[in-house]
$ cat entry06.pdb   # PDB, C-alpha atoms
ATOM      1  CA  MET G   5      -4.091 -19.096  -1.496
ATOM      2  CA  GLU G   6      -0.920 -17.553  -0.142
ATOM      3  CA  THR G   7       0.820 -14.910  -2.254
ATOM      4  CA  LYS G   8       3.984 -16.997  -2.546
ATOM      5  CA  GLU G   9       2.026 -19.990  -3.851
ATOM      6  CA  LEU G  10       0.197 -17.827  -6.382
ATOM      7  CA  LEU G  11       3.496 -16.354  -7.538
ATOM      8  CA  ASN G  12       4.891 -19.869  -8.030
ATOM      9  CA  LYS G  13       1.842 -20.747 -10.145
ATOM     10  CA  LEU G  14       2.336 -17.580 -12.183
ATOM     11  CA  THR G  15       5.993 -18.244 -12.903
ATOM     12  CA  ALA G  16       5.232 -21.857 -13.895
ATOM     13  CA  GLU G  17       2.429 -20.778 -16.259
ATOM     14  CA  THR G  18       3.117 -20.600 -19.995
ATOM     15  CA  ASN G  19      -0.070 -18.720 -20.875
ATOM     16  CA  LEU G  20      -0.928 -15.560 -18.953
ATOM     17  CA  ASP G  21      -4.581 -15.578 -20.047
ATOM     18  CA  SER G  22      -4.964 -19.126 -18.727
ATOM     19  CA  PHE G  23      -3.485 -18.014 -15.416
ATOM     20  CA  PHE G  24      -5.944 -15.107 -15.194
ATOM     21  CA  THR G  25      -8.865 -17.412 -15.920
ATOM     22  CA  GLU G  26      -7.820 -20.191 -13.568
ATOM     23  CA  TYR G  27      -7.042 -17.937 -10.619
ATOM     24  CA  GLU G  28      -9.677 -15.228 -11.174
ATOM     25  CA  LYS G  29     -11.012 -15.566  -7.615
ATOM     26  CA  GLU G  30      -7.570 -14.846  -6.164
ATOM     27  CA  PHE G  31      -7.385 -11.284  -7.513
ATOM     28  CA  LEU G  32      -8.242  -8.300  -5.338
ATOM     29  CA  ASP G  33     -11.088  -6.583  -7.130
ATOM     30  CA  VAL G  34     -11.860  -3.997  -4.481
ATOM     31  CA  THR G  35     -10.750  -0.400  -4.231
ATOM     32  CA  PHE G  36      -9.810   1.940  -1.431
ATOM     33  CA  LEU G  37     -13.282   3.468  -1.672
ATOM     34  CA  ASP G  38     -14.974   0.047  -1.422
ATOM     35  CA  ILE G  39     -13.120  -0.784   1.796
ATOM     36  CA  ALA G  40     -13.479   2.736   3.209
ATOM     37  CA  ASN G  41     -17.230   2.769   2.587
ATOM     38  CA  GLU G  42     -17.555  -0.629   4.266
ATOM     39  CA  CYS G  43     -15.690   0.657   7.354
ATOM     40  CA  ILE G  44     -17.774   3.827   7.448
ATOM     41  CA  TYR G  45     -21.000   1.842   7.276
ATOM     42  CA  LYS G  46     -19.838  -0.781   9.797
ATOM     43  CA  ASN G  47     -18.819   1.868  12.318
ATOM     44  CA  GLY G  48     -21.860   4.092  11.692
ATOM     45  CA  LEU G  49     -19.727   7.143  10.952
ATOM     46  CA  LYS G  50     -20.336  10.399   9.143
ATOM     47  CA  VAL G  51     -17.670  11.823   6.866
ATOM     48  CA  ALA G  52     -17.501  14.909   9.100
ATOM     49  CA  GLU G  53     -16.473  12.664  12.025
ATOM     50  CA  ILE G  54     -13.767  11.021   9.932
ATOM     51  CA  ALA G  55     -12.507  14.425   8.782
ATOM     52  CA  ARG G  56     -12.245  15.548  12.398
ATOM     53  CA  ASN G  57     -10.909  12.251  13.814
ATOM     54  CA  SER G  58      -8.262  11.884  11.104
ATOM     55  CA  GLY G  59      -6.922  15.405  11.446
ATOM     56  CA  GLN G  60      -7.268  15.812   7.679
ATOM     57  CA  GLY G  61     -10.271  18.143   7.553
ATOM     58  CA  ASP G  62     -11.919  18.835   4.211
ATOM     59  CA  TYR G  63      -9.326  16.783   2.313
ATOM     60  CA  VAL G  64     -11.150  13.656   3.550
ATOM     61  CA  TYR G  65     -14.242  14.670   1.570
ATOM     62  CA  LYS G  66     -12.169  14.881  -1.615
ATOM     63  CA  VAL G  67     -10.559  11.497  -0.978
ATOM     64  CA  LEU G  68     -13.844   9.768  -0.145
ATOM     65  CA  ASN G  69     -15.492  11.312  -3.211
ATOM     66  CA  GLY G  70     -12.695   9.927  -5.389
ATOM     67  CA  GLU G  71     -11.443  13.416  -6.289
ATOM     68  CA  ARG G  72      -7.987  12.960  -4.755
ATOM     69  CA  LYS G  73      -5.566  10.044  -4.522
ATOM     70  CA  PRO G  74      -4.279   9.995  -0.951
ATOM     71  CA  SER G  75      -0.702   9.344   0.121
ATOM     72  CA  ARG G  76       0.179   6.429   2.385
ATOM     73  CA  ASP G  77       0.155   8.625   5.499
ATOM     74  CA  ILE G  78      -3.228  10.118   4.579
ATOM     75  CA  ILE G  79      -4.678   6.626   4.126
ATOM     76  CA  ILE G  80      -3.400   5.683   7.586
ATOM     77  CA  ALA G  81      -4.809   8.885   9.102
ATOM     78  CA  ILE G  82      -8.198   8.299   7.471
ATOM     79  CA  ALA G  83      -8.165   4.680   8.674
ATOM     80  CA  ILE G  84      -7.586   5.910  12.217
ATOM     81  CA  GLY G  85     -10.319   8.497  11.751
ATOM     82  CA  MET G  86     -12.787   5.815  10.673
ATOM     83  CA  ARG G  87     -11.752   3.478  13.512
ATOM     84  CA  ALA G  88     -10.564   0.820  11.071
ATOM     85  CA  THR G  89      -8.987  -2.287  12.536
ATOM     86  CA  PHE G  90      -5.334  -3.054  11.896
ATOM     87  CA  GLU G  91      -6.373  -5.616   9.270
ATOM     88  CA  GLU G  92      -8.667  -3.109   7.541
ATOM     89  CA  THR G  93      -5.865  -0.542   7.558
ATOM     90  CA  GLN G  94      -3.513  -3.056   5.955
ATOM     91  CA  LEU G  95      -6.114  -3.822   3.288
ATOM     92  CA  LEU G  96      -6.692  -0.116   2.603
ATOM     93  CA  LEU G  97      -2.949   0.283   2.044
ATOM     94  CA  ARG G  98      -2.694  -2.850  -0.076
ATOM     95  CA  VAL G  99      -5.548  -2.044  -2.465
ATOM     96  CA  SER G 100      -4.141   1.492  -2.794
ATOM     97  CA  LYS G 101      -0.808  -0.002  -3.933
ATOM     98  CA  PHE G 102       1.123   1.234  -0.903
ATOM     99  CA  ALA G 103       3.361  -0.784   1.378
ATOM    100  CA  MET G 104       1.479  -2.302   4.264
ATOM    101  CA  LEU G 105       2.647  -1.505   7.783
ATOM    102  CA  ASP G 106       5.798  -3.465   8.513
ATOM    103  CA  PRO G 107       6.798  -4.118  12.122
ATOM    104  CA  ARG G 108      10.466  -4.240  11.044
ATOM    105  CA  ASP G 109      10.247  -0.514  10.348
ATOM    106  CA  ARG G 110      10.334   1.543  13.555
ATOM    107  CA  ARG G 111       7.895   4.230  12.364
ATOM    108  CA  ASP G 112       5.509   1.586  11.039
ATOM    109  CA  SER G 113       5.782  -0.254  14.362
ATOM    110  CA  ILE G 114       4.704   2.865  16.225
ATOM    111  CA  ILE G 115       1.751   3.320  13.869
ATOM    112  CA  ALA G 116       0.752  -0.355  14.085
ATOM    113  CA  TYR G 117       0.951  -0.245  17.887
ATOM    114  CA  ALA G 118      -1.212   2.885  17.944
ATOM    115  CA  ILE G 119      -3.836   1.314  15.670
ATOM    116  CA  LYS G 120      -3.907  -1.920  17.651
ATOM    117  CA  THR G 121      -4.275  -0.031  20.944
ATOM    118  CA  ARG G 122      -6.789   2.471  19.498
ATOM    119  CA  TYR G 123      -4.820   5.707  19.832
ATOM    120  CA  ASP G 124      -6.485   8.757  18.356
ATOM    121  CA  ILE G 125      -4.647  10.719  15.671
ATOM    122  CA  ASP G 126      -3.302  13.378  18.049
ATOM    123  CA  ARG G 127      -1.893  10.835  20.480
ATOM    124  CA  LEU G 128      -0.280   8.911  17.599
ATOM    125  CA  ASN G 129       1.231  12.045  16.083
ATOM    126  CA  ASP G 130       2.594  13.082  19.487
ATOM    127  CA  LEU G 131       4.181   9.640  19.904
ATOM    128  CA  LEU G 132       5.718   9.748  16.423
ATOM    129  CA  VAL G 133       7.254  13.174  17.058
ATOM    130  CA  GLU G 134       8.413  12.131  20.546
ATOM    131  CA  LYS G 135      10.247   9.175  18.980
ATOM    132  CA  GLY G 136      11.846  11.396  16.318
ATOM    133  CA  TYR G 137       9.612  10.608  13.330
ATOM    134  CA  ASP G 138       7.384  12.715  11.119
ATOM    135  CA  SER G 139       3.754  12.890  12.154
ATOM    136  CA  LEU G 140       1.035  11.733   9.814
TER
END
$ encode --input "entry06.pdb" --output "structure tokens"
Amino acid sequence: METKELLNKLTAETNLDSFFTEYEKEFLDVTFLDIANECIYKNGLKVAEIARNSGQGDYVYKVLNGERKPSRDIIIAIAIGMRATFEETQLLLRVSKFAMLDPRDRRDSIIAYAIKTRYDIDRLNDLLVEKGYDSL
């Protein structure tokens, strides 16, 4: 079900508990760690590779162990480090309660382009700086 349709159902509902029961399957019950672990397994990666490929070093271990809550940029960097698809990156952002990449935002467009065309973190950061934006 589309988000807009679910929102319409919610606003028309008179009993919140009934809404939760009726639309239980529509809720996202996965976490950043669930999605990250799936990507790691799918791509056959080691955490050390992700730490290196993301440019985030040892901080990646803390994030993937649930010891730290990453910022939006760190999530994007880790997604790049784990070779996540654009869709997986969007889901990682969404379940972490951050704004998904929006092509109407110039910086987000650069990041989305880099993910879609499989830039590594250094190449993406160079492009961001070249275009006048902060690196990840």
$ closest_residue --input "entry06.pdb" --among "G:Gly61, G:Ile54, G:Ala116, G:Thr15" --to "G:Met104" --atoms "all atoms listed in the file"
G:Ala116
$ closest_residue --input "entry06.pdb" --among "G:Ser139, G:Ser100, G:Gln94, G:Asn57" --to "G:Asp124" --atoms "all atoms listed in the file"
G:Asn57
$ residues_near_point --input "entry06.pdb" --point "(-6.2, -4.0, -0.3)" --cutoff "10 Å" --atoms "only C-alpha atoms" --output "mmCIF file with C-alpha atoms, keeping the file's coordinate frame"
data_model
loop_
_atom_site.group_PDB
_atom_site.id
_atom_site.type_symbol
_atom_site.label_atom_id
_atom_site.label_comp_id
_atom_site.auth_asym_id
_atom_site.auth_seq_id
_atom_site.Cartn_x
_atom_site.Cartn_y
_atom_site.Cartn_z
ATOM 1 C CA LEU G 32 -8.242 -8.300 -5.338
ATOM 2 C CA ASP G 33 -11.088 -6.583 -7.130
ATOM 3 C CA VAL G 34 -11.860 -3.997 -4.481
ATOM 4 C CA THR G 35 -10.750 -0.400 -4.231
ATOM 5 C CA PHE G 36 -9.810 1.940 -1.431
ATOM 6 C CA ASP G 38 -14.974 0.047 -1.422
ATOM 7 C CA ILE G 39 -13.120 -0.784 1.796
ATOM 8 C CA GLU G 91 -6.373 -5.616 9.270
ATOM 9 C CA GLU G 92 -8.667 -3.109 7.541
ATOM 10 C CA THR G 93 -5.865 -0.542 7.558
ATOM 11 C CA GLN G 94 -3.513 -3.056 5.955
ATOM 12 C CA LEU G 95 -6.114 -3.822 3.288
ATOM 13 C CA LEU G 96 -6.692 -0.116 2.603
ATOM 14 C CA LEU G 97 -2.949 0.283 2.044
ATOM 15 C CA ARG G 98 -2.694 -2.850 -0.076
ATOM 16 C CA VAL G 99 -5.548 -2.044 -2.465
ATOM 17 C CA SER G 100 -4.141 1.492 -2.794
ATOM 18 C CA LYS G 101 -0.808 -0.002 -3.933
ATOM 19 C CA PHE G 102 1.123 1.234 -0.903
ATOM 20 C CA MET G 104 1.479 -2.302 4.264
#
$ atom_distance --input "entry06.pdb" --atom1 "atom CA of G:Glu134" --atom2 "atom CA of G:Lys120"
18.9 Å
$ resolve_selection --input "entry06.pdb" --expression "the PyMOL selection byres ((chain G and resi 83) around 10)" --output "PyMOL selection string"
chain G and resi 40+43-44+54+57-58+77-82+84-90+92-94+96-97+119+125
$ closest_residue --input "entry06.pdb" --among "G:Leu140, G:Glu30, G:Glu9, G:Thr18" --to "G:Ser75" --atoms "only C-alpha atoms"
G:Leu140
$ axis_aligned_box --input "entry06.pdb" --around "stretch 71-88 of chain G" --padding-each-side "4 Å" --output "lines of an AutoDock Vina configuration file"
center_x = -6.3
center_y = 7.1
center_z = 3.6
size_x = 21.0
size_y = 20.6
size_z = 27.8
$ resolve_selection --input "entry06.pdb" --expression "the PyMOL selection byres ((chain G and resi 129) around 10)" --output "PyMOL selection string"
chain G and resi 59+81+114-115+118+123-128+130-135+137-140
$ resolve_selection --input "entry06.pdb" --expression "the PyMOL selection byres ((chain G and resi 70) around 12)" --output "VMD selection string"
chain G and resid 35 to 38 40 to 41 63 to 69 71 to 74
$ atom_distance --input "entry06.pdb" --atom1 "atom CA of G:Leu10" --atom2 "atom CA of G:Tyr27"
8.4 Å
$ atom_distance --input "entry06.pdb" --atom1 "atom CA of G:Asp109" --atom2 "atom CA of G:Leu11"
24.8 Å
$ build_atoms --input "entry06.pdb" --residues "stretch 50-81 of chain G" --atoms "N, CA and C atoms" --output "JSON list (two decimals), keeping the file's coordinate frame"
[["chain", "number", "residue", "atom", "x", "y", "z"],
["G", 50, "LYS", "N", -20.09, 9.34, 10.13],
["G", 50, "LYS", "CA", -20.34, 10.40, 9.14],
["G", 50, "LYS", "C", -18.97, 10.88, 8.66],
["G", 51, "VAL", "N", -18.94, 11.35, 7.43],
["G", 51, "VAL", "CA", -17.67, 11.82, 6.87],
["G", 51, "VAL", "C", -17.11, 12.96, 7.71],
["G", 52, "ALA", "N", -17.97, 13.80, 8.25],
["G", 52, "ALA", "CA", -17.50, 14.91, 9.10],
["G", 52, "ALA", "C", -16.73, 14.38, 10.32],
["G", 53, "GLU", "N", -17.18, 13.27, 10.89],
["G", 53, "GLU", "CA", -16.47, 12.66, 12.02],
["G", 53, "GLU", "C", -15.09, 12.17, 11.60],
["G", 54, "ILE", "N", -15.05, 11.54, 10.43],
["G", 54, "ILE", "CA", -13.77, 11.02, 9.93],
["G", 54, "ILE", "C", -12.82, 12.17, 9.66],
["G", 55, "ALA", "N", -13.34, 13.25, 9.06],
["G", 55, "ALA", "CA", -12.51, 14.42, 8.78],
["G", 55, "ALA", "C", -11.90, 14.96, 10.07],
["G", 56, "ARG", "N", -12.71, 15.04, 11.10],
["G", 56, "ARG", "CA", -12.24, 15.55, 12.40],
["G", 56, "ARG", "C", -11.29, 14.56, 13.07],
["G", 57, "ASN", "N", -11.69, 13.28, 13.11],
["G", 57, "ASN", "CA", -10.91, 12.25, 13.81],
["G", 57, "ASN", "C", -9.58, 11.92, 13.14],
["G", 58, "SER", "N", -9.50, 12.19, 11.84],
["G", 58, "SER", "CA", -8.26, 11.88, 11.10],
["G", 58, "SER", "C", -7.28, 13.05, 11.11],
["G", 59, "GLY", "N", -7.77, 14.22, 11.48],
["G", 59, "GLY", "CA", -6.92, 15.40, 11.45],
["G", 59, "GLY", "C", -6.70, 15.92, 10.04],
["G", 60, "GLN", "N", -7.48, 15.44, 9.08],
["G", 60, "GLN", "CA", -7.27, 15.81, 7.68],
["G", 60, "GLN", "C", -8.30, 16.80, 7.14],
["G", 61, "GLY", "N", -9.29, 17.13, 7.94],
["G", 61, "GLY", "CA", -10.27, 18.14, 7.55],
["G", 61, "GLY", "C", -10.97, 17.86, 6.23],
["G", 62, "ASP", "N", -11.16, 18.92, 5.46],
["G", 62, "ASP", "CA", -11.92, 18.84, 4.21],
["G", 62, "ASP", "C", -11.28, 17.92, 3.17],
["G", 63, "TYR", "N", -10.00, 17.66, 3.28],
["G", 63, "TYR", "CA", -9.33, 16.78, 2.31],
["G", 63, "TYR", "C", -9.97, 15.39, 2.30],
["G", 64, "VAL", "N", -10.50, 14.96, 3.45],
["G", 64, "VAL", "CA", -11.15, 13.66, 3.55],
["G", 64, "VAL", "C", -12.34, 13.58, 2.60],
["G", 65, "TYR", "N", -13.09, 14.66, 2.49],
["G", 65, "TYR", "CA", -14.24, 14.67, 1.57],
["G", 65, "TYR", "C", -13.78, 14.41, 0.13],
["G", 66, "LYS", "N", -12.69, 15.05, -0.25],
["G", 66, "LYS", "CA", -12.17, 14.88, -1.62],
["G", 66, "LYS", "C", -11.68, 13.46, -1.86],
["G", 67, "VAL", "N", -11.04, 12.88, -0.86],
["G", 67, "VAL", "CA", -10.56, 11.50, -0.98],
["G", 67, "VAL", "C", -11.74, 10.54, -1.08],
["G", 68, "LEU", "N", -12.71, 10.70, -0.19],
["G", 68, "LEU", "CA", -13.84, 9.77, -0.14],
["G", 68, "LEU", "C", -14.83, 9.97, -1.29],
["G", 69, "ASN", "N", -14.70, 11.09, -1.99],
["G", 69, "ASN", "CA", -15.49, 11.31, -3.21],
["G", 69, "ASN", "C", -14.73, 10.89, -4.46],
["G", 70, "GLY", "N", -13.50, 10.38, -4.26],
["G", 70, "GLY", "CA", -12.70, 9.93, -5.39],
["G", 70, "GLY", "C", -12.05, 11.05, -6.17],
["G", 71, "GLU", "N", -12.02, 12.25, -5.61],
["G", 71, "GLU", "CA", -11.44, 13.42, -6.29],
["G", 71, "GLU", "C", -9.94, 13.52, -6.09],
["G", 72, "ARG", "N", -9.42, 12.91, -5.06],
["G", 72, "ARG", "CA", -7.99, 12.96, -4.76],
["G", 72, "ARG", "C", -7.49, 11.55, -4.46],
["G", 73, "LYS", "N", -6.23, 11.31, -4.84],
["G", 73, "LYS", "CA", -5.57, 10.04, -4.52],
["G", 73, "LYS", "C", -4.68, 10.31, -3.31],
["G", 74, "PRO", "N", -5.01, 9.70, -2.18],
["G", 74, "PRO", "CA", -4.28, 9.99, -0.95],
["G", 74, "PRO", "C", -2.91, 9.32, -0.91],
["G", 75, "SER", "N", -2.01, 9.94, -0.14],
["G", 75, "SER", "CA", -0.70, 9.34, 0.12],
["G", 75, "SER", "C", -0.87, 8.23, 1.15],
["G", 76, "ARG", "N", 0.20, 7.51, 1.39],
["G", 76, "ARG", "CA", 0.18, 6.43, 2.38],
["G", 76, "ARG", "C", -0.19, 6.96, 3.76],
["G", 77, "ASP", "N", 0.44, 8.06, 4.17],
["G", 77, "ASP", "CA", 0.16, 8.62, 5.50],
["G", 77, "ASP", "C", -1.29, 9.11, 5.62],
["G", 78, "ILE", "N", -1.84, 9.66, 4.55],
["G", 78, "ILE", "CA", -3.23, 10.12, 4.58],
["G", 78, "ILE", "C", -4.17, 8.92, 4.71],
["G", 79, "ILE", "N", -3.86, 7.84, 4.00],
["G", 79, "ILE", "CA", -4.68, 6.63, 4.13],
["G", 79, "ILE", "C", -4.67, 6.14, 5.57],
["G", 80, "ILE", "N", -3.50, 6.13, 6.19],
["G", 80, "ILE", "CA", -3.40, 5.68, 7.59],
["G", 80, "ILE", "C", -4.20, 6.62, 8.49],
["G", 81, "ALA", "N", -4.07, 7.92, 8.28],
["G", 81, "ALA", "CA", -4.81, 8.88, 9.10],
["G", 81, "ALA", "C", -6.32, 8.71, 8.94]]
